[in-house]
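Raw contents of model.csv, CSV, C-alpha atoms and all ligand atoms:
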```
chain,number,residue,atom,x,y,z
A,14,MET,CA,175.6,-51.2,176.0
A,15,TYR,CA,174.0,-50.8,179.5
A,16,HIS,CA,175.3,-50.6,183.0
A,17,THR,CA,174.3,-52.7,185.9
A,18,GLY,CA,175.1,-52.4,189.6
A,19,ILE,CA,177.5,-55.2,189.5
A,20,GLU,CA,179.9,-53.5,187.2
A,21,SER,CA,181.9,-50.5,188.4
A,22,PRO,CA,181.4,-47.5,186.3
A,23,GLU,CA,184.1,-46.1,184.2
A,24,ARG,CA,186.9,-44.2,185.9
A,25,VAL,CA,185.6,-40.6,185.5
A,26,TRP,CA,181.9,-40.9,185.1
A,27,TRP,CA,181.0,-37.4,186.4
A,28,ARG,CA,181.8,-34.2,184.7
A,29,PRO,CA,184.7,-32.6,186.5
A,30,VAL,CA,184.4,-28.9,187.7
A,31,ARG,CA,185.8,-26.7,185.0
A,32,GLY,CA,188.2,-23.9,185.6
A,33,GLY,CA,185.6,-21.1,185.3
A,34,GLU,CA,183.4,-22.8,187.9
A,35,LYS,CA,186.3,-23.2,190.3
A,36,VAL,CA,187.0,-19.4,190.0
A,37,TRP,CA,183.4,-18.7,191.0
A,38,VAL,CA,183.4,-21.0,193.9
A,39,ALA,CA,186.7,-19.3,195.1
A,40,ILE,CA,185.1,-15.9,194.7
A,41,ALA,CA,182.0,-16.9,196.6
A,42,PHE,CA,184.0,-18.4,199.4
A,43,ALA,CA,186.3,-15.3,199.6
A,44,TRP,CA,183.1,-13.1,199.8
A,45,CYS,CA,181.7,-15.3,202.5
A,46,MET,CA,184.9,-14.8,204.5
A,47,ILE,CA,184.8,-11.0,204.0
A,48,LEU,CA,181.2,-10.8,205.2
A,49,PHE,CA,182.0,-13.0,208.1
A,50,ALA,CA,184.8,-10.7,209.1
A,51,MET,CA,182.7,-7.6,208.6
A,52,MET,CA,180.1,-8.6,211.2
A,53,PRO,CA,182.4,-8.0,214.2
A,54,LEU,CA,184.4,-5.4,212.4
A,55,TRP,CA,181.4,-3.3,211.5
A,56,HIS,CA,179.9,-3.7,215.0
A,57,LEU,CA,183.1,-2.1,216.5
A,58,ARG,CA,184.0,0.4,213.7
A,59,GLY,CA,180.9,1.0,211.8
A,60,GLY,CA,178.8,4.2,212.0
A,61,GLN,CA,175.5,2.4,212.1
A,62,ASN,CA,175.5,2.0,215.9
A,63,PRO,CA,173.0,4.2,217.7
A,64,SER,CA,174.7,7.5,218.4
A,65,GLY,CA,173.0,8.0,221.7
A,66,ILE,CA,173.9,7.2,225.3
A,67,ARG,CA,173.3,3.9,226.9
A,68,HIS,CA,173.0,3.4,230.7
A,69,ARG,CA,171.9,0.8,233.0
A,70,VAL,CA,168.7,1.8,234.8
A,71,ASP,CA,166.5,0.3,237.4
A,72,PRO,CA,163.1,-0.3,235.8
A,73,LEU,CA,161.3,1.2,238.7
A,74,ALA,CA,163.5,4.3,238.6
A,75,TYR,CA,162.8,4.7,234.9
A,76,ALA,CA,159.0,4.3,235.5
A,77,THR,CA,159.3,7.1,238.1
A,78,ARG,CA,161.2,9.3,235.7
A,79,VAL,CA,158.5,8.8,233.0
A,80,ARG,CA,155.8,9.7,235.5
A,81,GLU,CA,157.7,12.9,236.4
A,82,PHE,CA,158.2,13.7,232.7
A,83,ILE,CA,154.4,13.2,232.1
A,84,ALA,CA,153.5,15.4,235.0
A,85,GLN,CA,155.9,18.1,233.7
A,86,TYR,CA,154.7,18.3,230.1
A,87,GLN,CA,151.2,16.8,229.9
A,88,VAL,CA,148.9,18.7,227.7
A,89,GLY,CA,146.0,16.2,227.4
A,90,GLU,CA,144.8,12.7,227.2
A,91,GLU,CA,144.0,10.4,224.4
A,92,ALA,CA,142.4,6.9,224.7
A,93,ASN,CA,143.4,6.8,228.4
A,94,LEU,CA,147.0,7.6,227.6
A,95,PRO,CA,148.7,10.9,228.7
A,96,VAL,CA,149.7,13.2,225.9
A,97,VAL,CA,152.8,15.3,226.4
A,98,GLU,CA,154.4,18.1,224.5
A,99,PRO,CA,158.0,18.6,225.7
A,100,PRO,CA,159.9,21.7,224.5
A,101,PRO,CA,162.4,21.3,221.7
A,102,GLY,CA,165.8,20.2,222.8
A,103,SER,CA,164.5,18.4,225.8
A,104,ASP,CA,164.9,14.8,227.0
A,105,VAL,CA,161.9,12.7,226.2
A,106,TYR,CA,161.0,9.6,228.1
A,107,LEU,CA,159.1,6.8,226.5
A,108,GLN,CA,158.2,3.6,228.4
A,109,GLY,CA,157.2,0.3,226.9
A,110,SER,CA,155.3,-2.0,229.3
A,111,MET,CA,152.9,-4.9,228.8
A,112,TRP,CA,151.0,-3.7,226.7
A,113,ARG,CA,151.3,0.0,226.0
A,114,TRP,CA,153.7,2.7,225.1
A,115,ILE,CA,153.4,5.8,227.3
A,116,PRO,CA,153.1,8.7,226.9
A,117,VAL,CA,151.8,9.8,223.5
A,118,LEU,CA,154.4,12.3,222.2
A,119,ARG,CA,153.8,15.6,220.5
A,120,LEU,CA,157.1,16.7,219.0
A,121,GLN,CA,158.1,19.5,216.7
A,122,ALA,CA,159.4,18.9,213.2
A,123,GLY,CA,163.0,20.2,212.8
A,124,ALA,CA,163.7,20.2,216.6
A,125,GLU,CA,166.1,17.8,218.2
A,126,TYR,CA,165.3,15.7,221.2
A,127,VAL,CA,166.9,12.9,223.1
A,128,LEU,CA,164.5,10.1,223.1
A,129,HIS,CA,164.9,7.8,226.0
A,130,LEU,CA,163.6,4.3,225.6
A,131,SER,CA,163.2,1.6,228.2
A,132,SER,CA,161.0,-1.2,229.3
A,133,THR,CA,159.7,-1.9,232.8
A,134,ASP,CA,159.0,-5.6,232.3
A,135,VAL,CA,160.1,-7.6,229.3
A,136,ASN,CA,161.8,-7.0,225.9
A,137,HIS,CA,159.8,-4.8,223.6
A,138,GLY,CA,160.5,-3.6,220.1
A,139,PHE,CA,160.1,0.0,219.1
A,140,SER,CA,159.2,0.4,215.5
A,141,LEU,CA,157.8,3.6,214.1
A,142,TYR,CA,155.1,3.0,211.5
A,143,PRO,CA,155.2,3.8,208.6
A,144,LEU,CA,158.9,4.7,208.9
A,145,ASN,CA,161.7,2.3,208.9
A,146,VAL,CA,162.8,2.8,212.5
A,147,ASN,CA,163.4,-0.2,214.6
A,148,PHE,CA,165.0,-0.5,218.1
A,149,GLN,CA,165.2,-3.0,220.8
A,150,VAL,CA,163.8,-1.8,224.1
A,151,VAL,CA,165.3,-3.9,226.9
A,152,PRO,CA,164.4,-3.6,230.6
A,153,GLY,CA,167.2,-2.4,232.7
A,154,TYR,CA,168.7,-0.2,230.0
A,155,ASP,CA,168.0,3.4,229.1
A,156,TYR,CA,168.7,4.2,225.4
A,157,GLY,CA,169.0,7.9,224.7
A,158,LEU,CA,168.7,8.4,221.0
A,159,ARG,CA,169.2,11.8,219.4
A,160,VAL,CA,166.2,12.2,217.1
A,161,ARG,CA,165.1,15.1,214.9
A,162,PRO,CA,161.6,14.5,213.4
A,163,THR,CA,161.6,15.8,209.8
A,164,GLU,CA,158.0,15.4,208.6
A,165,PRO,CA,154.9,16.5,210.4
A,166,GLY,CA,152.3,13.8,210.8
A,167,GLU,CA,151.0,11.0,212.9
A,168,PHE,CA,153.2,8.0,213.5
A,169,HIS,CA,152.4,4.8,215.4
A,170,ILE,CA,154.8,2.9,217.6
A,171,VAL,CA,154.3,-0.7,217.0
A,172,CYS,CA,155.8,-3.3,219.3
A,173,ASN,CA,157.7,-5.8,217.2
A,174,GLU,CA,159.0,-8.1,219.9
A,175,PHE,CA,156.4,-10.6,221.0
A,176,CYS,CA,155.7,-9.8,224.6
A,177,GLY,CA,152.6,-11.7,225.6
A,178,ILE,CA,148.9,-12.0,225.0
A,179,GLY,CA,148.3,-8.2,224.5
A,180,HIS,CA,151.3,-7.8,222.2
A,181,HIS,CA,149.2,-7.0,219.1
A,182,MET,CA,147.4,-4.2,220.9
A,183,MET,CA,150.6,-2.5,222.0
A,184,VAL,CA,150.4,0.6,219.8
A,185,GLY,CA,151.7,4.0,220.8
A,186,LYS,CA,151.6,7.3,219.0
A,187,VAL,CA,154.0,10.1,218.1
A,188,VAL,CA,152.5,13.3,216.6
A,189,VAL,CA,155.0,15.5,214.8
A,190,LEU,CA,153.8,19.1,214.6
A,191,PRO,CA,154.9,21.5,211.9
A,192,PRO,CA,157.9,23.6,212.7
A,193,ALA,CA,157.2,26.4,215.2
A,194,GLY,CA,157.6,29.2,212.8
A,195,LEU,CA,155.3,27.6,210.2
A,196,ALA,CA,152.7,26.8,212.8
A,197,ALA,CA,152.6,30.4,214.0
A,198,ALA,CA,152.3,31.7,210.4
A,199,GLU,CA,149.3,29.4,209.8
A,200,GLN,CA,147.5,30.5,212.9
A,201,PRO,CA,144.2,32.3,212.1
A,202,ARG,CA,144.3,35.9,213.0
B,1,CU,CU,155.2,-6.7,222.1
```

Translate this file's structure into structure tokens.
Ligand SMILES: [Cu+2]
Amino acid sequence: MYHTGIESPERVWWRPVRGGEKVWVAIAFAWCMILFAMMPLWHLRGGQNPSGIRHRVDPLAYATRVREFIAQYQVGEEANLPVVEPPPGSDVYLQGSMWRWIPVLRLQAGAEYVLHLSSTDVNHGFSLYPLNVNFQVVPGYDYGLRVRPTEPGEFHIVCNEFCGIGHHMMVGKVVVLPPAGLAAAEQPR
């Protein structure tokens, strides 16, 4: 026996969804709804939001503050970028602009800083390579993040928000120095 298009198929020609399958569809749907509700809920109640301060700031005023910060703590220059070494506990100002991060930061491991991030032109993305640190840097806003570098070494700030023709060259640098006590102990006598 064969079927042609002119005969209607038998009444139930498909295989109906079985009980177990229905349960899984119900569980998946319930889970979707939970995740959907968690998005706004976690935004408001979750502990993953940056712990720092957020202010509006005039991009020009921020650039001026960065220049003051550089003038105050500059210790050298590297590849035409100022290198600063602020004291532990201080406020650190980092500026993202097309297409560079200034200044180069020298920070001490184990010390806490407030890292201010802002942009003077367009959106940039602060990501610290090779660590998994990622932050949006938006013009007009000053993000003060409480940071405590843990491991000495050299880290690169990569811009991860496409910001124009020089985007791929927008690489900054953070040097984390060993803790003060350790460095002093390692000094040659
Ligand atoms: Cu970029």

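With only C-alpha atoms as the atoms that count, the minimum distance from Gly179 in chain A to the choices A:Ser132, A:Leu158, A:Ser110, A:Leu48 is reached by A:Ser110.
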
Check your understanding: Within 8 Å of ligand CU 1 (chain B), counting only C-alpha atoms and all ligand atoms, which protein or nucleic acid residues do you find, written as an NGL selection string?
Key -> :A and (111-112 or 136-138 or 171-177 or 179-181 or 183)

What's around Pro116 in chain A at 9 Å? Count all atoms listed in the file, leave out sequence neighbours fewer than 3 positions away in its own chain, and write the answer as a PDB file with C-alpha atoms, keeping the file's coordinate frame.
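File written: out-v9.pdb
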```pdb
ATOM      1  CA  VAL A  79     158.500   8.800 233.000  1.00  0.00           C
ATOM      2  CA  ILE A  83     154.400  13.200 232.100  1.00  0.00           C
ATOM      3  CA  GLN A  87     151.200  16.800 229.900  1.00  0.00           C
ATOM      4  CA  LEU A  94     147.000   7.600 227.600  1.00  0.00           C
ATOM      5  CA  PRO A  95     148.700  10.900 228.700  1.00  0.00           C
ATOM      6  CA  VAL A  96     149.700  13.200 225.900  1.00  0.00           C
ATOM      7  CA  VAL A  97     152.800  15.300 226.400  1.00  0.00           C
ATOM      8  CA  TYR A 106     161.000   9.600 228.100  1.00  0.00           C
ATOM      9  CA  LEU A 107     159.100   6.800 226.500  1.00  0.00           C
ATOM     10  CA  GLN A 108     158.200   3.600 228.400  1.00  0.00           C
ATOM     11  CA  ARG A 113     151.300   0.000 226.000  1.00  0.00           C
ATOM     12  CA  GLY A 185     151.700   4.000 220.800  1.00  0.00           C
ATOM     13  CA  LYS A 186     151.600   7.300 219.000  1.00  0.00           C
ATOM     14  CA  VAL A 187     154.000  10.100 218.100  1.00  0.00           C
TER      15      VAL A 187
END
```

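Between CA of Trp114 in chain A and CA of Val150 in chain A lies a distance of 11.1 Å.
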
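Nearest residue to Leu118 in chain A among A:Asp155, A:Gly166, A:Asn145, A:Met51 is A:Gly166, counting only C-alpha atoms.
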
Study note, to complete from the structure: Expressed in Å, the length from CA of Val160 in chain A to CA of Tyr86 in chain A is 18.4 Å

Revision key, fill the gap. As a check of understanding: the span from CA of Asn147 in chain A to CA of Trp55 in chain A is 18.5 Å

**Study point:** Nearest-residue call for Gly153 in chain A, choices A:Arg58, A:Val88, A:Val184, A:Thr133, using only C-alpha atoms
**Key:** A:Thr133

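When only C-alpha atoms are used to compute distances to Arg161 in chain A, the closest of the residues A:Val135, A:Ile178, A:Ile19, A:Val105 turns out to be A:Val105.
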
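By chain and then residue number, the residues within 6 Å of Gln121 in chain A are Val189, Leu190 and Pro192 of chain A, counting all atoms listed in the file and disregarding those fewer than 4 positions away in sequence.
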
Given the selection you just returned, output its residues as a file containing C-alpha atoms, formatted as a CSV table (one decimal), keeping the file's coordinate frame.
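File result-v8.csv, as written:
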```
chain,number,residue,atom,x,y,z
A,189,VAL,CA,155.0,15.5,214.8
A,190,LEU,CA,153.8,19.1,214.6
A,192,PRO,CA,157.9,23.6,212.7
```

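Among the candidates A:Phe168, A:Arg31, A:Arg24, A:Asp134, the residue lying nearest to Leu73 in chain A is A:Asp134 (atoms considered: only C-alpha atoms).
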
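Across A:Pro101, A:Pro143, A:Gly109, A:Pro152, the tightest approach to Glu167 in chain A is made by A:Pro143 when counting only C-alpha atoms.
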
Practice item. Compile the contact shell of Gln85 in chain A as a PyMOL selection string: residues with an atom at most 9 Å away, counting only C-alpha atoms, same-chain residues fewer than 4 positions apart removed. Key: chain A and resi 80-81+97+99

What would the file be for range 103-114 of chain A if you keep all heavy atoms and write it as a PDB file, in the first residue's frame?
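In the end it all went to decode-v3.pdb:
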```pdb
ATOM      1  N   SER A 103      46.739  55.237  46.492  1.00  0.00           N
ATOM      2  CA  SER A 103      46.346  56.480  45.825  1.00  0.00           C
ATOM      3  C   SER A 103      45.313  56.242  44.729  1.00  0.00           C
ATOM      4  O   SER A 103      45.015  55.122  44.359  1.00  0.00           O
ATOM      5  CB  SER A 103      47.581  57.162  45.232  1.00  0.00           C
ATOM      6  OG  SER A 103      48.203  56.295  44.328  1.00  0.00           O
ATOM      7  N   ASP A 104      44.806  57.333  44.217  1.00  0.00           N
ATOM      8  CA  ASP A 104      43.891  57.298  43.088  1.00  0.00           C
ATOM      9  C   ASP A 104      44.717  57.323  41.810  1.00  0.00           C
ATOM     10  O   ASP A 104      45.595  58.163  41.661  1.00  0.00           O
ATOM     11  CB  ASP A 104      42.951  58.510  43.118  1.00  0.00           C
ATOM     12  CG  ASP A 104      41.849  58.322  44.141  1.00  0.00           C
ATOM     13  OD1 ASP A 104      42.187  58.191  45.337  1.00  0.00           O
ATOM     14  OD2 ASP A 104      40.668  58.293  43.746  1.00  0.00           O
ATOM     15  N   VAL A 105      44.415  56.395  40.937  1.00  0.00           N
ATOM     16  CA  VAL A 105      45.168  56.248  39.700  1.00  0.00           C
ATOM     17  C   VAL A 105      44.247  56.620  38.546  1.00  0.00           C
ATOM     18  O   VAL A 105      43.099  56.180  38.511  1.00  0.00           O
ATOM     19  CB  VAL A 105      45.633  54.776  39.565  1.00  0.00           C
ATOM     20  CG1 VAL A 105      46.251  54.522  38.211  1.00  0.00           C
ATOM     21  CG2 VAL A 105      46.599  54.424  40.679  1.00  0.00           C
ATOM     22  N   TYR A 106      44.750  57.438  37.634  1.00  0.00           N
ATOM     23  CA  TYR A 106      43.909  57.900  36.525  1.00  0.00           C
ATOM     24  C   TYR A 106      44.424  57.364  35.206  1.00  0.00           C
ATOM     25  O   TYR A 106      45.554  57.634  34.823  1.00  0.00           O
ATOM     26  CB  TYR A 106      43.869  59.430  36.502  1.00  0.00           C
ATOM     27  CG  TYR A 106      43.134  59.986  37.688  1.00  0.00           C
ATOM     28  CD1 TYR A 106      43.799  60.199  38.890  1.00  0.00           C
ATOM     29  CD2 TYR A 106      41.771  60.253  37.621  1.00  0.00           C
ATOM     30  CE1 TYR A 106      43.123  60.679  40.010  1.00  0.00           C
ATOM     31  CE2 TYR A 106      41.085  60.734  38.725  1.00  0.00           C
ATOM     32  CZ  TYR A 106      41.765  60.943  39.910  1.00  0.00           C
ATOM     33  OH  TYR A 106      41.093  61.407  41.002  1.00  0.00           O
ATOM     34  N   LEU A 107      43.588  56.598  34.543  1.00  0.00           N
ATOM     35  CA  LEU A 107      43.961  56.042  33.251  1.00  0.00           C
ATOM     36  C   LEU A 107      42.996  56.575  32.191  1.00  0.00           C
ATOM     37  O   LEU A 107      41.790  56.596  32.406  1.00  0.00           O
ATOM     38  CB  LEU A 107      43.889  54.520  33.296  1.00  0.00           C
ATOM     39  CG  LEU A 107      44.413  53.811  32.045  1.00  0.00           C
ATOM     40  CD1 LEU A 107      45.934  53.880  31.991  1.00  0.00           C
ATOM     41  CD2 LEU A 107      43.970  52.360  32.029  1.00  0.00           C
ATOM     42  N   GLN A 108      43.583  56.998  31.091  1.00  0.00           N
ATOM     43  CA  GLN A 108      42.767  57.611  30.041  1.00  0.00           C
ATOM     44  C   GLN A 108      42.850  56.800  28.752  1.00  0.00           C
ATOM     45  O   GLN A 108      43.932  56.484  28.277  1.00  0.00           O
ATOM     46  CB  GLN A 108      43.289  59.032  29.805  1.00  0.00           C
ATOM     47  CG  GLN A 108      42.611  59.744  28.650  1.00  0.00           C
ATOM     48  CD  GLN A 108      43.292  61.072  28.356  1.00  0.00           C
ATOM     49  OE1 GLN A 108      43.809  61.739  29.258  1.00  0.00           O
ATOM     50  NE2 GLN A 108      43.321  61.455  27.090  1.00  0.00           N
ATOM     51  N   GLY A 109      41.706  56.473  28.211  1.00  0.00           N
ATOM     52  CA  GLY A 109      41.660  55.824  26.916  1.00  0.00           C
ATOM     53  C   GLY A 109      41.258  56.849  25.876  1.00  0.00           C
ATOM     54  O   GLY A 109      40.259  57.540  26.042  1.00  0.00           O
ATOM     55  N   SER A 110      42.074  56.989  24.847  1.00  0.00           N
ATOM     56  CA  SER A 110      41.755  57.916  23.755  1.00  0.00           C
ATOM     57  C   SER A 110      42.194  57.244  22.467  1.00  0.00           C
ATOM     58  O   SER A 110      43.036  56.371  22.490  1.00  0.00           O
ATOM     59  CB  SER A 110      42.537  59.222  23.877  1.00  0.00           C
ATOM     60  OG  SER A 110      42.453  59.737  25.171  1.00  0.00           O
ATOM     61  N   MET A 111      41.623  57.702  21.348  1.00  0.00           N
ATOM     62  CA  MET A 111      42.062  57.136  20.078  1.00  0.00           C
ATOM     63  C   MET A 111      43.530  57.508  19.876  1.00  0.00           C
ATOM     64  O   MET A 111      43.828  58.700  19.746  1.00  0.00           O
ATOM     65  CB  MET A 111      41.227  57.694  18.930  1.00  0.00           C
ATOM     66  CG  MET A 111      39.785  57.155  18.946  1.00  0.00           C
ATOM     67  SD  MET A 111      38.881  57.666  17.476  1.00  0.00           S
ATOM     68  CE  MET A 111      38.371  59.300  17.939  1.00  0.00           C
ATOM     69  N   TRP A 112      44.506  56.631  19.828  1.00  0.00           N
ATOM     70  CA  TRP A 112      44.402  55.220  20.059  1.00  0.00           C
ATOM     71  C   TRP A 112      45.505  54.833  21.011  1.00  0.00           C
ATOM     72  O   TRP A 112      46.488  54.202  20.635  1.00  0.00           O
ATOM     73  CB  TRP A 112      44.546  54.461  18.735  1.00  0.00           C
ATOM     74  CG  TRP A 112      43.343  54.706  17.850  1.00  0.00           C
ATOM     75  CD1 TRP A 112      42.115  54.115  17.979  1.00  0.00           C
ATOM     76  CD2 TRP A 112      43.221  55.594  16.731  1.00  0.00           C
ATOM     77  NE1 TRP A 112      41.245  54.571  17.006  1.00  0.00           N
ATOM     78  CE2 TRP A 112      41.908  55.481  16.232  1.00  0.00           C
ATOM     79  CE3 TRP A 112      44.114  56.500  16.117  1.00  0.00           C
ATOM     80  CZ2 TRP A 112      41.449  56.220  15.135  1.00  0.00           C
ATOM     81  CZ3 TRP A 112      43.648  57.219  15.036  1.00  0.00           C
ATOM     82  CH2 TRP A 112      42.324  57.067  14.550  1.00  0.00           C
ATOM     83  N   ARG A 113      45.352  55.235  22.237  1.00  0.00           N
ATOM     84  CA  ARG A 113      46.365  54.894  23.235  1.00  0.00           C
ATOM     85  C   ARG A 113      45.760  54.925  24.630  1.00  0.00           C
ATOM     86  O   ARG A 113      44.721  55.561  24.869  1.00  0.00           O
ATOM     87  CB  ARG A 113      47.565  55.848  23.167  1.00  0.00           C
ATOM     88  CG  ARG A 113      47.161  57.289  23.367  1.00  0.00           C
ATOM     89  CD  ARG A 113      48.312  58.232  23.148  1.00  0.00           C
ATOM     90  NE  ARG A 113      47.964  59.540  23.724  1.00  0.00           N
ATOM     91  CZ  ARG A 113      48.851  60.424  24.137  1.00  0.00           C
ATOM     92  NH1 ARG A 113      50.134  60.167  24.056  1.00  0.00           N
ATOM     93  NH2 ARG A 113      48.464  61.569  24.644  1.00  0.00           N
ATOM     94  N   TRP A 114      46.422  54.236  25.529  1.00  0.00           N
ATOM     95  CA  TRP A 114      46.087  54.286  26.946  1.00  0.00           C
ATOM     96  C   TRP A 114      47.220  55.026  27.633  1.00  0.00           C
ATOM     97  O   TRP A 114      48.381  54.632  27.509  1.00  0.00           O
ATOM     98  CB  TRP A 114      46.002  52.876  27.536  1.00  0.00           C
ATOM     99  CG  TRP A 114      44.924  52.024  26.963  1.00  0.00           C
ATOM    100  CD1 TRP A 114      45.073  51.069  26.001  1.00  0.00           C
ATOM    101  CD2 TRP A 114      43.530  52.033  27.327  1.00  0.00           C
ATOM    102  NE1 TRP A 114      43.853  50.490  25.744  1.00  0.00           N
ATOM    103  CE2 TRP A 114      42.896  51.055  26.539  1.00  0.00           C
ATOM    104  CE3 TRP A 114      42.775  52.763  28.242  1.00  0.00           C
ATOM    105  CZ2 TRP A 114      41.533  50.789  26.628  1.00  0.00           C
ATOM    106  CZ3 TRP A 114      41.427  52.494  28.332  1.00  0.00           C
ATOM    107  CH2 TRP A 114      40.809  51.519  27.533  1.00  0.00           C
TER     108      TRP A 114
END
```
